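Enquirer: Structure file final-v5.txt (compact mmCIF, C-alpha atoms and all ligand atoms) is given on the next line.
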```txt
# COMPACT_ATOMS: atom_id res chain seq x y z
CA MET A 465 107.21 51.06 49.63
CA SER A 466 106.37 54.63 48.64
CA THR A 467 108.20 57.56 47.14
CA VAL A 468 107.48 60.29 49.65
CA ALA A 469 107.63 64.07 49.32
CA ILE A 470 107.79 65.91 52.62
CA LEU A 471 106.43 69.41 51.96
CA GLY A 472 107.88 71.43 54.82
CA SER A 473 111.22 71.18 56.53
CA GLY A 474 110.27 72.07 60.11
CA LEU A 475 110.07 69.77 63.12
CA VAL A 476 107.12 67.80 61.79
CA GLY A 477 108.56 67.40 58.30
CA GLN A 478 111.93 66.24 59.58
CA THR A 479 110.40 63.86 62.13
CA LEU A 480 108.09 62.13 59.67
CA ALA A 481 110.82 62.12 57.01
CA ALA A 482 113.14 60.20 59.33
CA GLY A 483 110.38 57.87 60.52
CA LEU A 484 109.29 57.01 56.99
CA ARG A 485 112.84 56.59 55.72
CA ASP A 486 113.57 54.22 58.61
CA LEU A 487 110.65 52.10 57.40
CA GLY A 488 112.26 51.82 53.95
CA HIS A 489 110.38 54.49 51.99
CA THR A 490 112.27 56.78 49.60
CA VAL A 491 111.96 60.25 51.11
CA THR A 492 112.76 63.75 49.85
CA ILE A 493 112.28 66.81 52.04
CA GLY A 494 110.98 69.82 50.15
CA SER A 495 111.32 73.45 51.19
CA ARG A 496 110.86 76.82 49.51
CA THR A 497 114.48 76.93 48.40
CA GLY A 498 115.50 73.28 48.29
CA LYS A 499 118.07 74.10 50.98
CA GLU A 500 120.21 71.58 52.85
CA ILE A 501 118.64 70.68 56.17
CA ASP A 502 120.70 70.32 59.36
CA GLY A 503 120.58 66.76 60.68
CA TRP A 504 119.02 65.28 57.50
CA ASP A 505 121.44 63.40 55.29
CA GLY A 506 118.86 62.45 52.66
CA ALA A 507 117.54 64.13 49.55
CA THR A 508 116.28 67.74 49.62
CA ALA A 509 114.51 69.70 46.90
CA THR A 510 112.08 72.50 46.27
CA PHE A 511 108.46 71.68 47.05
CA ALA A 512 107.68 71.11 43.37
CA ASP A 513 110.74 68.97 42.67
CA ALA A 514 110.18 66.88 45.80
CA LEU A 515 106.80 65.90 44.35
CA SER A 516 108.29 64.56 41.14
CA GLY A 517 107.48 60.82 41.10
CA ALA A 518 105.97 60.88 44.59
CA ASP A 519 102.92 58.75 45.38
CA LEU A 520 102.72 59.93 48.99
CA ALA A 521 103.23 63.40 50.42
CA VAL A 522 103.28 64.90 53.87
CA LEU A 523 102.09 68.50 54.09
CA SER A 524 103.96 70.06 57.01
CA VAL A 525 104.09 73.80 56.46
CA LYS A 526 102.80 76.64 58.60
CA GLY A 527 99.00 76.60 58.47
CA THR A 528 98.70 80.20 57.27
CA VAL A 529 100.60 79.42 54.06
CA ALA A 530 99.20 75.92 53.37
CA GLU A 531 96.28 76.87 51.11
CA GLU A 532 98.33 79.12 48.86
CA LEU A 533 101.13 76.56 48.62
CA VAL A 534 98.76 73.71 47.81
CA ALA A 535 97.05 75.80 45.12
CA SER A 536 100.43 76.51 43.54
CA LEU A 537 101.28 72.77 43.53
CA ALA A 538 97.83 71.54 42.46
CA SER A 539 98.90 69.87 39.21
CA GLN A 540 101.87 68.05 40.82
CA LEU A 541 99.57 66.87 43.63
CA ASP A 542 97.14 65.20 41.24
CA GLY A 543 96.51 61.62 42.45
CA VAL A 544 98.97 61.90 45.33
CA VAL A 545 97.89 60.78 48.80
CA VAL A 546 98.67 63.75 51.06
CA LEU A 547 98.93 63.35 54.81
CA ASP A 548 97.90 66.81 55.98
CA THR A 549 99.50 67.60 59.34
CA THR A 550 98.70 71.32 59.26
CA ASN A 551 96.57 73.29 61.66
CA PRO A 552 94.77 76.59 60.98
CA ILE A 553 96.62 78.41 63.76
CA ALA A 554 96.23 82.18 63.43
CA ASP A 555 99.07 84.62 63.87
CA ALA A 556 97.71 85.65 67.27
CA ALA A 557 98.68 84.94 70.87
CA PRO A 558 96.87 82.08 72.66
CA THR A 559 94.31 83.01 75.33
CA ASP A 560 94.84 81.09 78.60
CA GLY A 561 96.64 78.40 76.60
CA VAL A 562 93.94 78.19 73.92
CA LEU A 563 95.17 78.74 70.38
CA ALA A 564 93.33 81.06 67.99
CA TYR A 565 92.29 79.56 64.63
CA PHE A 566 91.70 81.42 61.38
CA THR A 567 88.94 78.96 60.40
CA GLY A 568 85.42 78.91 61.84
CA PRO A 569 83.61 75.93 63.46
CA ASN A 570 81.74 74.80 60.34
CA GLU A 571 84.75 74.53 58.04
CA SER A 572 88.28 73.17 58.15
CA LEU A 573 91.64 73.85 56.61
CA LEU A 574 91.57 70.36 55.12
CA GLU A 575 88.42 71.20 53.16
CA ARG A 576 90.03 74.42 51.92
CA LEU A 577 93.11 72.47 50.82
CA GLN A 578 91.00 69.86 49.04
CA ALA A 579 89.20 72.65 47.17
CA ALA A 580 92.53 74.27 46.27
CA ALA A 581 93.89 71.03 44.77
CA PRO A 582 90.85 68.93 43.78
CA GLY A 583 92.93 66.08 42.30
CA ALA A 584 94.99 65.55 45.45
CA ARG A 585 93.86 62.86 47.90
CA PHE A 586 94.09 64.65 51.26
CA VAL A 587 93.91 62.84 54.57
CA LYS A 588 94.08 64.77 57.85
CA ALA A 589 96.61 63.10 60.15
CA PHE A 590 99.29 63.84 62.75
CA ASN A 591 97.84 67.31 63.45
CA SER A 592 96.95 66.72 67.09
CA VAL A 593 100.14 65.31 68.58
CA GLY A 594 103.59 66.82 69.05
CA SER A 595 106.43 65.93 66.74
CA GLY A 596 108.22 64.16 69.62
CA LEU A 597 105.51 61.49 69.73
CA MET A 598 104.71 61.13 66.03
CA VAL A 599 106.98 58.15 65.36
CA LYS A 600 106.69 54.97 67.45
CA PRO A 601 105.12 56.69 70.48
CA ALA A 602 105.91 54.77 73.67
CA LEU A 603 103.36 55.73 76.32
CA PRO A 604 102.39 53.77 79.45
CA GLY A 605 98.70 54.04 78.52
CA GLY A 606 99.23 51.98 75.37
CA THR A 607 99.05 52.68 71.66
CA PRO A 608 97.53 56.15 71.02
CA THR A 609 94.81 56.85 68.47
CA MET A 610 95.31 58.87 65.30
CA PHE A 611 92.07 60.40 64.03
CA ILE A 612 91.93 60.68 60.25
CA ALA A 613 89.53 62.11 57.67
CA GLY A 614 89.48 62.72 53.94
CA ASN A 615 87.17 62.33 50.96
CA ASP A 616 89.00 59.45 49.24
CA GLU A 617 88.42 56.10 50.95
CA GLY A 618 91.42 54.49 49.24
CA ALA A 619 93.63 57.35 50.41
CA ARG A 620 92.38 56.93 53.97
CA SER A 621 93.20 53.25 53.76
CA THR A 622 96.73 53.97 52.46
CA ALA A 623 97.17 56.60 55.18
CA ALA A 624 95.99 54.18 57.84
CA GLU A 625 98.59 51.59 56.77
CA VAL A 626 101.36 54.19 56.99
CA ILE A 627 100.16 55.49 60.35
CA VAL A 628 99.92 52.00 61.84
CA SER A 629 103.44 51.27 60.61
CA LEU A 630 104.57 54.33 62.58
CA GLY A 631 103.16 52.85 65.78
CA TRP A 632 99.58 54.16 66.01
CA GLU A 633 96.06 52.84 65.94
CA VAL A 634 93.75 54.62 63.53
CA GLU A 635 90.22 55.91 63.92
CA ASP A 636 88.84 56.65 60.45
CA LEU A 637 86.20 59.36 60.81
CA GLY A 638 85.18 59.50 57.15
CA SER A 639 84.98 62.43 54.76
CA ALA A 640 86.91 65.70 54.88
CA VAL A 641 84.07 67.32 56.81
CA ALA A 642 85.25 65.38 59.90
CA ALA A 643 88.40 67.52 59.88
CA ARG A 644 86.15 70.21 61.42
CA ALA A 645 86.30 68.05 64.56
CA ILE A 646 89.89 66.76 64.21
CA GLU A 647 91.62 70.11 63.71
CA PRO A 648 90.39 71.55 67.04
CA LEU A 649 91.95 68.56 68.81
CA CYS A 650 95.24 70.40 68.32
CA MET A 651 93.87 73.26 70.43
CA LEU A 652 92.99 70.77 73.15
CA TRP A 653 96.32 68.96 72.84
CA CYS A 654 98.26 72.22 73.21
CA ILE A 655 96.56 73.57 76.36
CA PRO A 656 98.67 71.57 78.88
CA GLY A 657 101.75 72.52 76.89
CA LEU A 658 101.05 76.21 76.65
CA ARG A 659 99.86 76.46 80.29
CA ASP A 660 102.29 74.10 82.04
CA ASN A 661 104.95 73.19 79.44
CA ASP A 662 103.57 69.63 79.44
CA TRP A 663 103.75 68.25 75.91
CA ALA A 664 104.16 64.49 76.52
CA HIS A 665 100.68 63.17 75.82
CA ALA A 666 98.57 61.76 73.03
CA PHE A 667 94.88 60.95 72.60
CA LYS A 668 93.47 57.45 72.87
CA LEU A 669 89.91 56.39 72.08
CA LEU A 670 88.66 53.84 74.63
CA ARG A 671 85.87 51.39 73.88
CA PRO A 672 84.27 48.64 75.93
N1 LIG B 701 105.36 71.25 65.76
C1 LIG B 701 104.55 70.26 66.09
O1 LIG B 701 104.85 69.49 67.02
C2 LIG B 701 103.27 70.06 65.33
C3 LIG B 701 102.43 69.00 65.69
C4 LIG B 701 101.27 68.74 64.94
C5 LIG B 701 100.98 69.53 63.84
N2 LIG B 701 101.80 70.58 63.52
C6 LIG B 701 101.47 71.37 62.33
O2 LIG B 701 102.38 70.94 61.33
C7 LIG B 701 102.76 72.04 60.49
C8 LIG B 701 104.29 72.16 60.52
O3 LIG B 701 104.70 72.46 61.82
P1 LIG B 701 106.26 72.66 62.16
O4 LIG B 701 106.30 73.01 63.61
O5 LIG B 701 107.06 71.52 61.65
O6 LIG B 701 106.70 73.87 61.25
P2 LIG B 701 106.24 75.42 61.20
O7 LIG B 701 107.25 76.21 61.96
O8 LIG B 701 104.80 75.57 61.60
O9 LIG B 701 106.36 75.70 59.65
C9 LIG B 701 107.60 75.53 59.01
C10 LIG B 701 107.40 75.22 57.59
O10 LIG B 701 106.51 76.18 56.96
C11 LIG B 701 107.13 76.61 55.77
N3 LIG B 701 106.78 78.00 55.46
C12 LIG B 701 106.80 79.07 56.28
N4 LIG B 701 106.44 80.18 55.61
C13 LIG B 701 106.19 79.79 54.33
C14 LIG B 701 105.77 80.47 53.15
N5 LIG B 701 105.53 81.79 53.15
N6 LIG B 701 105.60 79.73 52.02
C15 LIG B 701 105.84 78.42 52.01
N7 LIG B 701 106.24 77.73 53.10
C16 LIG B 701 106.41 78.40 54.23
C17 LIG B 701 108.61 76.50 56.00
O11 LIG B 701 109.20 76.38 54.73
P3 LIG B 701 110.75 76.05 54.51
O12 LIG B 701 110.81 74.56 54.54
O13 LIG B 701 111.06 76.65 53.19
O14 LIG B 701 111.51 76.69 55.66
C18 LIG B 701 108.71 75.26 56.84
O15 LIG B 701 108.75 74.13 56.01
C19 LIG B 701 102.03 73.27 61.04
O16 LIG B 701 100.88 73.51 60.27
C20 LIG B 701 101.66 72.86 62.47
O17 LIG B 701 100.46 73.48 62.93
C21 LIG B 701 102.93 70.86 64.24
```
Could you show the structure in this file as structure tokens?

Expert:
Amino acid sequence: MSTVAILGSGLVGQTLAAGLRDLGHTVTIGSRTGKEIDGWDGATATFADALSGADLAVLSVKGTVAEELVASLASQLDGVVVLDTTNPIADAAPTDGVLAYFTGPNESLLERLQAAAPGARFVKAFNSVGSGLMVKPALPGGTPTMFIAGNDEGARSTAAEVIVSLGWEVEDLGSAVAARAIEPLCMLWCIPGLRDNDWAHAFKLLRP
């Protein structure tokens, strides 16, 4: 079992906090102020204090602030496996249901985060599904696929175990560069939601 720091107290942070705690992990939700969080009866702390003693973290803050936050926590993140749920969504309105990103096609937020905290072991995960389906998704089409990427093979393996325990199958796409392909999946995932308020879906990779 892991000691988990949830860095971000929004929908994603709270959902994964509850899912991981239900599996027996020791979970602290971190926020800017260490505030109490409605509906969460577990430990809360500031981002930095939540990381004390953690071997696993979930990064679940607004994408526009992720790089600066990670840089400020770089020393506490040393050696920690970080499930990076963030997306580089710009502060701009979607166009016909298509989100605007502040990154370009040949880079990713994950790579920026890895550069900002070189000792952290980032793995992109949970970025392209809604919080309502992150834990034990029950869909008629079967077990959905979580696409992951990150530079540290051991971290990807740890992440895969955690993700499978939360009810997913995992497609490991290799190094952090693959996040250039995974992060835009969030844009695709959001189009039915933003156009038709249809958010109840997840991706599945089919093979013969
Ligand atoms: N919502 C979803 O279903 C979903 C699905 C997949 C991926 N994601 C991604 O997951 C991440 C979290 O999404 P969310 O919907 O849970 O929350 P969100 O509304 O995108 O972000 C809320 C979090 O960002 C933090 N934050 C905001 N401004 C900050 C600042 N200036 N400095 C430090 N932290 C700041 C907040 O800190 P406090 O804790 O202090 O309030 C809070 O924890 C996002 O990057 C999003 O793109 C979301």

Enquirer: Around the point (97.5, 67.7, 58.8), in the coordinates given by the file, pick out the residues reaching within 8 Å, counting all atoms listed in the file, and return them as JSON, numbers by chain.

Expert: {"A": [523, 524, 547, 548, 549, 550, 551, 574, 587, 588, 589, 590, 591]}

Enquirer: Around ligand LIG 701 (chain B), at most 8 Å away and counting only C-alpha atoms and all ligand atoms, which residues are there? Put them as a ChimeraX atom specification, please.

Expert: /A:471-478,494-499,523-530,532-533,549-553,590-596,650

Enquirer: Would you mind listing what lies within 8 Å of Ala584 (chain A) as a list of chain:residue names, with all atoms listed in the file counted and same-chain residues fewer than 4 positions away left out?

Expert: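 The residues satisfying every condition are A:Ala538, A:Leu541, A:Asp542, A:Gly543, A:Val544, A:Val545, A:Val546, A:Gln578.
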
Enquirer: Can you tell me how far CA of Trp653 (chain A) sits from CA of Ile627 (chain A), in Å to one decimal?

Expert: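 Spanning CA of Trp653 (chain A) to CA of Ile627 (chain A) is a straight-line distance of 18.8 Å.
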
Enquirer: Which one is closest to Leu480 (chain A): A:Val468, A:Ala554, A:Val641, A:Ile612? Count all atoms listed in the file.

Expert: A:Val468

Enquirer: I'd like to know which of A:Glu625, A:Asp660, A:Glu647, A:Asp502 is closest to Thr567 (chain A), using only C-alpha atoms.

Expert: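 Once distances to Thr567 (chain A) are computed over only C-alpha atoms, the minimum belongs to A:Glu647.
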
Enquirer: Which value, in Å to one decimal, gives the distance between CA of Ile493 (chain A) and CA of Asp662 (chain A)?

Expert: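 Going from CA of Ile493 (chain A) over to CA of Asp662 (chain A) covers 28.9 Å.
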
Enquirer: If you count all atoms listed in the file, which residues fall within 12 Å of Val491 (chain A), apart from same-chain ones fewer than 3 positions away, as a VMD selection string?

Expert: chain A and resid 465 to 471 477 to 488 494 504 to 509 514 to 522

Enquirer: To one decimal in Å, tell me the separation between CA of Trp663 (chain A) and CA of Ser639 (chain A).

Expert: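 CA of Trp663 (chain A) sits 28.9 Å away from CA of Ser639 (chain A).
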
Enquirer: Could you name the residues that touch Leu669 (chain A) at 10 Å or less, counting all atoms listed in the file, but leaving out those on the same chain fewer than 4 positions away, as a ChimeraX atom specification?

Expert: /A:607-611,633-635

Enquirer: Taking all atoms listed in the file into account, name the residue in A:Gly561, A:Gly618, A:Pro582, A:Gly631 that is nearest to Leu603 (chain A).

Expert: A:Gly631

Enquirer: Kindly indicate which residue among A:Ala579, A:Val628, A:Met651, A:Glu617 lies nearest to Pro558 (chain A), using all atoms listed in the file for the distances.

Expert: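 Counting all atoms listed in the file, the residue closest to Pro558 (chain A) is A:Met651.
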
Enquirer: Write region 485-498 of chain A as a CSV table (one decimal), in the frame of the given file, completed to N, CA, C and O atoms.

Expert:
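Once everything was written out, this is selection13.csv:
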```
chain,number,residue,atom,x,y,z
A,485,ARG,N,111.6,57.1,56.3
A,485,ARG,CA,112.8,56.6,55.7
A,485,ARG,C,113.3,55.3,56.5
A,485,ARG,O,113.7,54.4,55.9
A,486,ASP,N,113.2,55.4,57.8
A,486,ASP,CA,113.6,54.2,58.6
A,486,ASP,C,112.7,53.0,58.3
A,486,ASP,O,113.2,51.9,58.5
A,487,LEU,N,111.5,53.2,57.8
A,487,LEU,CA,110.6,52.1,57.4
A,487,LEU,C,110.9,51.6,56.0
A,487,LEU,O,110.3,50.7,55.5
A,488,GLY,N,111.9,52.3,55.3
A,488,GLY,CA,112.3,51.8,54.0
A,488,GLY,C,111.7,52.6,52.8
A,488,GLY,O,112.0,52.3,51.6
A,489,HIS,N,110.9,53.7,53.1
A,489,HIS,CA,110.4,54.5,52.0
A,489,HIS,C,111.5,55.4,51.5
A,489,HIS,O,112.5,55.7,52.2
A,490,THR,N,111.3,55.8,50.2
A,490,THR,CA,112.3,56.8,49.6
A,490,THR,C,111.7,58.2,49.9
A,490,THR,O,110.6,58.5,49.4
A,491,VAL,N,112.5,59.0,50.6
A,491,VAL,CA,112.0,60.2,51.1
A,491,VAL,C,112.8,61.4,50.7
A,491,VAL,O,114.0,61.4,50.8
A,492,THR,N,112.1,62.5,50.2
A,492,THR,CA,112.8,63.8,49.8
A,492,THR,C,112.1,64.8,50.7
A,492,THR,O,110.8,64.9,50.7
A,493,ILE,N,112.9,65.7,51.3
A,493,ILE,CA,112.3,66.8,52.0
A,493,ILE,C,112.3,68.0,51.1
A,493,ILE,O,113.3,68.4,50.6
A,494,GLY,N,111.1,68.6,51.0
A,494,GLY,CA,111.0,69.8,50.2
A,494,GLY,C,110.9,71.1,51.0
A,494,GLY,O,110.3,71.0,52.1
A,495,SER,N,111.4,72.1,50.5
A,495,SER,CA,111.3,73.4,51.2
A,495,SER,C,111.2,74.5,50.1
A,495,SER,O,111.3,74.2,48.9
A,496,ARG,N,111.0,75.8,50.5
A,496,ARG,CA,110.9,76.8,49.5
A,496,ARG,C,112.1,76.9,48.6
A,496,ARG,O,111.9,77.1,47.4
A,497,THR,N,113.3,76.7,49.2
A,497,THR,CA,114.5,76.9,48.4
A,497,THR,C,115.2,75.7,48.0
A,497,THR,O,116.2,75.7,47.2
A,498,GLY,N,114.8,74.5,48.5
A,498,GLY,CA,115.5,73.3,48.3
A,498,GLY,C,116.8,73.2,49.1
A,498,GLY,O,117.7,72.5,48.7
```
